>>> print(open('protein35.csv').read())   # CSV, C-alpha atoms
chain,number,residue,atom,x,y,z
A,28,MET,CA,-77.6,-8.7,50.2
A,29,ASP,CA,-74.5,-6.5,50.3
A,30,ILE,CA,-71.5,-6.3,48.0
A,31,VAL,CA,-68.3,-7.0,49.8
A,32,VAL,CA,-65.3,-5.2,48.3
A,33,LYS,CA,-61.8,-6.1,49.6
A,34,GLY,CA,-58.2,-5.6,48.6
A,35,ARG,CA,-55.5,-8.2,48.5
A,36,LYS,CA,-52.2,-6.5,49.4
A,37,THR,CA,-53.6,-3.2,48.4
A,38,GLU,CA,-56.0,-0.6,49.8
A,39,VAL,CA,-59.4,0.0,48.2
A,40,PRO,CA,-60.5,3.7,48.1
A,41,GLU,CA,-64.0,4.6,49.1
A,42,ARG,CA,-64.6,6.1,45.6
A,43,PHE,CA,-63.9,2.7,44.0
A,44,ARG,CA,-66.3,1.0,46.5
A,45,LYS,CA,-69.1,3.3,45.5
A,46,HIS,CA,-68.3,2.7,41.8
A,47,VAL,CA,-68.6,-1.0,42.4
A,48,ALA,CA,-72.0,-0.6,43.9
A,49,GLU,CA,-73.1,1.5,40.9
A,50,LYS,CA,-71.6,-0.9,38.3
A,51,LEU,CA,-72.9,-4.2,39.8
A,52,LYS,CA,-76.6,-3.5,39.9
A,53,LEU,CA,-78.1,-6.1,42.3
A,54,ASP,CA,-81.6,-5.9,40.8
A,55,LYS,CA,-80.2,-6.8,37.4
A,56,ILE,CA,-78.2,-9.7,38.8
A,57,GLN,CA,-81.2,-11.1,40.7
A,58,LYS,CA,-83.2,-11.1,37.5
A,59,PHE,CA,-80.8,-13.8,36.2
A,60,ASP,CA,-80.4,-15.5,39.6
A,61,GLY,CA,-82.9,-14.8,42.3
A,62,LYS,CA,-81.1,-17.1,44.8
A,63,VAL,CA,-77.9,-15.1,45.2
A,64,ILE,CA,-76.3,-15.5,48.6
A,65,SER,CA,-73.2,-13.3,48.4
A,66,LEU,CA,-71.3,-11.1,45.9
A,67,ASP,CA,-67.6,-10.5,46.6
A,68,VAL,CA,-65.2,-8.2,44.7
A,69,GLU,CA,-61.5,-8.6,45.3
A,70,VAL,CA,-58.9,-6.1,44.0
A,71,SER,CA,-55.2,-6.9,43.7
A,72,LYS,CA,-52.2,-5.1,42.3
A,73,GLU,CA,-49.4,-6.5,40.2
A,74,PRO,CA,-46.1,-5.1,41.6
A,75,ASN,CA,-44.1,-5.9,38.4
A,76,PRO,CA,-43.6,-2.6,36.5
A,77,ARG,CA,-43.2,-4.5,33.3
A,78,GLN,CA,-46.9,-5.5,33.5
A,79,ALA,CA,-48.2,-2.0,34.0
A,80,ASP,CA,-51.0,-2.6,31.4
A,81,ARG,CA,-52.3,-5.4,33.6
A,82,ALA,CA,-51.3,-4.0,37.0
A,83,ALA,CA,-54.9,-4.0,38.4
A,84,ARG,CA,-56.8,-7.2,38.7
A,85,VAL,CA,-60.4,-7.5,39.8
A,86,GLU,CA,-62.1,-10.8,40.7
A,87,ILE,CA,-65.9,-11.1,41.1
A,88,THR,CA,-67.3,-14.1,42.9
A,89,LEU,CA,-71.1,-14.7,43.0
A,90,ARG,CA,-72.4,-17.5,45.3
A,91,SER,CA,-75.9,-18.7,45.1
A,92,ARG,CA,-77.8,-22.0,45.7
A,93,GLY,CA,-76.5,-23.0,42.2
A,94,PRO,CA,-72.9,-23.1,41.0
A,95,VAL,CA,-70.4,-20.5,42.0
A,96,ILE,CA,-69.8,-18.0,39.2
A,97,ARG,CA,-66.5,-16.2,38.9
A,98,ALA,CA,-65.3,-13.5,36.6
A,99,GLU,CA,-61.8,-12.1,36.6
A,100,ALA,CA,-60.0,-9.4,34.5
A,101,ALA,CA,-56.8,-7.3,34.5
A,102,ALA,CA,-56.2,-3.9,33.1
A,103,GLY,CA,-54.1,-0.8,33.6
A,104,ASP,CA,-56.4,0.5,36.4
A,105,PRO,CA,-59.0,-1.1,38.6
A,106,TYR,CA,-61.9,0.8,37.0
A,107,ALA,CA,-61.1,-0.7,33.6
A,108,ALA,CA,-60.6,-4.1,35.1
A,109,LEU,CA,-63.9,-3.9,36.9
A,110,ASP,CA,-65.7,-3.1,33.5
A,111,LEU,CA,-64.1,-6.2,31.9
A,112,ALA,CA,-64.9,-8.5,34.8
A,113,THR,CA,-68.5,-7.2,34.9
A,114,ASP,CA,-69.0,-8.0,31.2
A,115,LYS,CA,-67.7,-11.5,31.8
A,116,LEU,CA,-70.0,-12.0,34.8
A,117,ASP,CA,-73.0,-10.8,32.8
A,118,ALA,CA,-72.2,-13.2,30.0
A,119,ARG,CA,-71.9,-16.2,32.4
A,120,LEU,CA,-75.0,-15.2,34.3
A,121,ARG,CA,-76.9,-15.1,31.0
A,122,LYS,CA,-75.5,-18.5,30.0
A,123,GLU,CA,-76.5,-20.1,33.3
A,124,HIS,CA,-79.9,-18.5,33.1
A,125,ASP,CA,-80.5,-19.8,29.6
A,126,LYS,CA,-79.3,-23.2,30.6
A,127,ARG,CA,-81.8,-23.4,33.4
A,128,TYR,CA,-84.6,-22.1,31.2
A,129,SER,CA,-83.9,-24.6,28.4
A,130,ARG,CA,-84.0,-27.5,30.9
A,131,ARG,CA,-87.5,-26.4,32.1
A,132,GLY,CA,-88.7,-26.0,28.6
A,133,ASN,CA,-90.8,-23.1,27.3
A,134,GLY,CA,-93.7,-24.9,25.8
A,135,ARG,CA,-95.2,-28.2,24.6
A,136,LEU,CA,-95.2,-29.6,21.2
A,137,SER,CA,-98.4,-29.9,19.2
A,138,ALA,CA,-99.3,-33.3,17.7
A,139,ALA,CA,-98.3,-32.0,14.2
A,140,GLU,CA,-94.8,-31.0,15.4
A,141,VAL,CA,-94.0,-34.3,17.1
A,142,ALA,CA,-93.1,-36.2,14.0
A,143,GLU,CA,-90.8,-33.3,12.9
A,144,VAL,CA,-89.1,-32.8,16.2
A,145,VAL,CA,-89.0,-36.2,17.9
A,146,PRO,CA,-86.8,-38.7,16.1
A,147,GLY,CA,-88.5,-42.1,15.5
A,148,ALA,CA,-92.0,-40.8,16.1
A,149,ALA,CA,-94.8,-42.4,14.1
A,150,SER,CA,-96.3,-40.5,11.2
A,151,PHE,CA,-100.0,-40.4,10.2
A,152,ASN,CA,-101.7,-39.3,7.0
A,153,GLY,CA,-104.8,-37.1,6.7
A,154,GLU,CA,-107.1,-40.0,7.3
A,155,GLY,CA,-105.4,-40.9,10.5
A,156,GLU,CA,-103.7,-44.0,9.1
A,157,LEU,CA,-100.2,-44.9,10.0
A,158,ILE,CA,-97.7,-44.2,7.3
A,159,PRO,CA,-95.3,-47.2,6.9
A,160,GLU,CA,-91.7,-46.5,7.6
A,161,GLU,CA,-89.3,-46.6,4.7
A,162,THR,CA,-86.3,-48.9,4.9
A,163,PRO,CA,-83.3,-46.7,5.5
A,164,PRO,CA,-80.4,-47.0,3.1
A,165,ALA,CA,-77.3,-48.8,4.2
A,166,VAL,CA,-74.9,-46.6,6.2
A,167,PRO,CA,-71.3,-46.7,4.9
A,168,THR,CA,-68.7,-47.5,7.5
A,169,THR,CA,-65.2,-46.1,7.5
A,170,ARG,CA,-62.2,-46.8,9.8
A,171,ILE,CA,-60.0,-43.9,10.8
A,172,GLY,CA,-57.1,-45.4,12.8
A,173,SER,CA,-58.7,-47.4,15.7
A,174,LEU,CA,-62.0,-45.5,15.3
A,175,GLU,CA,-64.9,-46.9,13.3
A,176,VAL,CA,-67.1,-44.2,11.8
A,177,GLN,CA,-70.6,-44.7,10.5
A,178,GLY,CA,-71.9,-42.2,7.9
A,179,GLU,CA,-70.8,-38.7,8.7
A,180,GLY,CA,-69.5,-39.2,12.2
A,181,PRO,CA,-68.6,-39.0,15.0
A,182,LEU,CA,-65.3,-37.7,14.1
A,183,VAL,CA,-62.4,-36.4,16.2
A,184,VAL,CA,-62.5,-32.8,15.1
A,185,ARG,CA,-60.3,-31.3,17.8
A,186,GLU,CA,-57.4,-32.6,19.8
A,187,LYS,CA,-55.3,-30.7,22.4
A,188,THR,CA,-52.2,-31.4,24.4
A,189,HIS,CA,-51.5,-29.3,27.5
A,190,VAL,CA,-48.4,-29.1,29.7
A,191,ALA,CA,-49.5,-28.7,33.3
A,192,ALA,CA,-47.6,-28.5,36.6
A,193,PRO,CA,-48.9,-30.9,39.3
A,194,MET,CA,-51.3,-29.2,41.8
A,195,THR,CA,-53.4,-29.9,44.9
A,196,LEU,CA,-57.1,-30.7,44.8
A,197,ASP,CA,-57.9,-27.3,46.3
A,198,GLN,CA,-55.9,-25.5,43.6
A,199,ALA,CA,-57.7,-27.6,40.9
A,200,LEU,CA,-61.1,-26.5,42.4
A,201,TYR,CA,-60.0,-22.9,42.3
A,202,GLU,CA,-58.8,-23.1,38.7
A,203,MET,CA,-62.0,-24.8,37.6
A,204,GLU,CA,-64.1,-22.0,39.2
A,205,LEU,CA,-61.8,-19.4,37.7
A,206,VAL,CA,-62.4,-20.5,34.2
A,207,GLY,CA,-66.1,-21.1,34.8
A,208,HIS,CA,-66.1,-24.8,33.7
A,209,ASP,CA,-68.0,-27.8,35.2
A,210,PHE,CA,-64.9,-30.0,35.2
A,211,TYR,CA,-61.1,-29.6,35.3
A,212,LEU,CA,-58.3,-32.0,34.3
A,213,PHE,CA,-55.2,-31.9,36.4
A,214,VAL,CA,-52.2,-33.9,37.8
A,215,ASP,CA,-52.5,-34.5,41.5
A,216,SER,CA,-49.3,-33.3,43.2
A,217,GLU,CA,-49.7,-35.9,46.0
A,218,THR,CA,-50.4,-39.1,44.0
A,219,LYS,CA,-49.0,-37.9,40.6
A,220,GLU,CA,-52.1,-39.4,39.0
A,221,SER,CA,-54.2,-37.9,36.2
A,222,SER,CA,-57.3,-36.6,37.9
A,223,VAL,CA,-60.6,-34.8,37.1
A,224,VAL,CA,-62.5,-32.6,39.5
A,225,TYR,CA,-66.1,-31.8,38.6
A,226,ARG,CA,-69.1,-30.0,39.9
A,227,ARG,CA,-72.0,-32.2,41.2
A,228,HIS,CA,-74.8,-30.4,43.1
A,229,ALA,CA,-74.7,-26.9,44.8
A,230,TYR,CA,-71.3,-26.7,46.6
A,231,ASP,CA,-70.6,-30.4,46.2
A,232,TYR,CA,-67.7,-31.6,44.0
A,233,GLY,CA,-66.4,-34.9,42.8
A,234,VAL,CA,-63.0,-36.1,41.9
A,235,ILE,CA,-61.9,-39.0,39.7
A,236,HIS,CA,-58.3,-40.4,39.8
A,237,LEU,CA,-57.0,-42.4,36.9
A,238,ARG,CA,-54.6,-45.2,37.9
A,239,THR,CA,-52.9,-47.6,35.5
A,240,ASP,CA,-53.6,-51.3,36.2
A,241,PRO,CA,-50.7,-53.4,34.8
A,242,LEU,CA,-52.7,-56.6,35.0
A,243,ALA,CA,-55.7,-55.2,33.0
A,244,SER,CA,-56.2,-56.6,29.5
A,245,ASP,CA,-55.7,-54.2,26.6
A,246,GLU,CA,-59.2,-55.2,25.4
A,247,ALA,CA,-60.9,-54.4,28.8
A,248,GLY,CA,-63.0,-51.3,29.1
A,249,GLY,CA,-61.2,-48.2,30.4
A,250,ALA,CA,-62.1,-45.9,33.3
A,251,GLY,CA,-63.7,-43.3,31.0
A,252,GLY,CA,-67.3,-42.4,31.5
A,253,ALA,CA,-69.8,-39.8,32.4
A,254,LEU,CA,-68.9,-37.4,35.2
A,255,GLY,CA,-71.7,-38.1,37.6
A,256,GLY,CA,-72.7,-39.8,40.8
>>> encode(input="protein35.csv", output="structure tokens")
Amino acid sequence: MDIVVKGRKTEVPERFRKHVAEKLKLDKIQKFDGKVISLDVEVSKEPNPRQADRAARVEITLRSRGPVIRAEAAAGDPYAALDLATDKLDARLRKEHDKRYSRRGNGRLSAAEVAEVVPGAASFNGEGELIPEETPPAVPTTRIGSLEVQGEGPLVVREKTHVAAPMTLDQALYEMELVGHDFYLFVDSETKESSVVYRRHAYDYGVIHLRTDPLASDEAGGAGGALGG
């Protein structure tokens, strides 16, 4: 696999191409993801002199059989921007690698650990006799607005409001990959509907459009749910 370095509205000197090859060590990347298909590096330049400290922008795109991983950074020169983008790429590769590793599991639980780790598992004493379960105490219930909370939670601990310009589906996909998330909330510029694009499998994506039904009852279930299928 080769590293493809290209410039967007700017020329890339050979010295920088060699620096990219030295900075992005393929053997290190393949330790985190052994199914890498391509690795692209795009360099662009900001013409606005007021943004001289962010004039050089480097975007690294890694494609494999898994999700596309992107890392982007801007700095005063392309070498510094490459260093920042490489650090971001390493962090995202480690995160994706750890996620895959945790899904596979790194060992089995012993019989003695099951009761401590698995909620609701039966407990036995030293004679092999079943220890009867204690009756749990009553859980207090509290209402917070329209939300009924049992015990300590769940609680709404963070709420955000974003102002966003309508965009196309292609732009939403690009923005999602740019931030490295598995889903992206946006307003569809064609339908003016609130929509969510999300990653499914490999290079497949899904999109959900939220449309208001004036005939639906206020008590009916909404369209919210897991992003899947």
>>> closest_residue(input="protein35.csv", among="A:Gly34, A:Ala79, A:Asp110, A:Ile96", to="Glu49 in chain A", atoms="all atoms listed in the file")
A:Asp110
>>> atom_distance(input="protein35.csv", atom1="CA of Asp60 in chain A", atom2="CA of Met203 in chain A")
20.7 Å
>>> residues_near_point(input="protein35.csv", point="(-57.6, -34.3, 37.3)", cutoff="10 Å", atoms="only C-alpha atoms", output="list in words")
Pro193, Met194, Thr195, Leu196, Ala199, Leu200, Phe210, Tyr211, Leu212, Phe213, Val214, Asp215, Lys219, Glu220, Ser221, Ser222, Val223, Val224, Tyr225, Val234, Ile235, His236 and Leu237 of chain A
>>> write_last_selection(input="protein35.csv", atoms="C-alpha atoms", output="compact mmCIF listing (two decimals), in the frame of the given file")
# COMPACT_ATOMS: atom_id res chain seq x y z
CA PRO A 193 -48.90 -30.90 39.30
CA MET A 194 -51.30 -29.20 41.80
CA THR A 195 -53.40 -29.90 44.90
CA LEU A 196 -57.10 -30.70 44.80
CA ALA A 199 -57.70 -27.60 40.90
CA LEU A 200 -61.10 -26.50 42.40
CA PHE A 210 -64.90 -30.00 35.20
CA TYR A 211 -61.10 -29.60 35.30
CA LEU A 212 -58.30 -32.00 34.30
CA PHE A 213 -55.20 -31.90 36.40
CA VAL A 214 -52.20 -33.90 37.80
CA ASP A 215 -52.50 -34.50 41.50
CA LYS A 219 -49.00 -37.90 40.60
CA GLU A 220 -52.10 -39.40 39.00
CA SER A 221 -54.20 -37.90 36.20
CA SER A 222 -57.30 -36.60 37.90
CA VAL A 223 -60.60 -34.80 37.10
CA VAL A 224 -62.50 -32.60 39.50
CA TYR A 225 -66.10 -31.80 38.60
CA VAL A 234 -63.00 -36.10 41.90
CA ILE A 235 -61.90 -39.00 39.70
CA HIS A 236 -58.30 -40.40 39.80
CA LEU A 237 -57.00 -42.40 36.90
>>> residues_near_point(input="protein35.csv", point="(-69.3, -33.0, 37.3)", cutoff="8 Å", atoms="only C-alpha atoms", output="list in words")
Asp209, Phe210, Val224, Tyr225, Arg226, Arg227, Tyr232, Gly233, Leu254 and Gly255 of chain A
>>> closest_residue(input="protein35.csv", among="A:Arg92, A:His228, A:Arg44, A:Lys36", to="Pro74 in chain A", atoms="all atoms listed in the file")
A:Lys36
>>> closest_residue(input="protein35.csv", among="A:Leu111, A:Ala48, A:Ala98, A:Leu53", to="Glu86 in chain A", atoms="all atoms listed in the file")
A:Ala98
>>> residues_around(input="protein35.csv", residues="Val39 in chain A", least_positions_apart="5", cutoff="10 Å", atoms="all atoms listed in the file", output="list in words")
Val32, Lys33, Gly34, Arg44, Glu69, Val70, Ser71 and Pro105 of chain A
>>> atom_distance(input="protein35.csv", atom1="CA of Ala100 in chain A", atom2="CA of Val190 in chain A")
23.4 Å
>>> atom_distance(input="protein35.csv", atom1="CA of Leu66 in chain A", atom2="CA of Ser91 in chain A")
8.9 Å
>>> residues_around(input="protein35.csv", residues="range 120-123 of chain A", least_positions_apart="3", cutoff="12 Å", atoms="all atoms listed in the file", output="NGL selection string")
:A and (55-61 or 63 or 88-91 or 93-98 or 113-117 or 126-130 or 207-209)
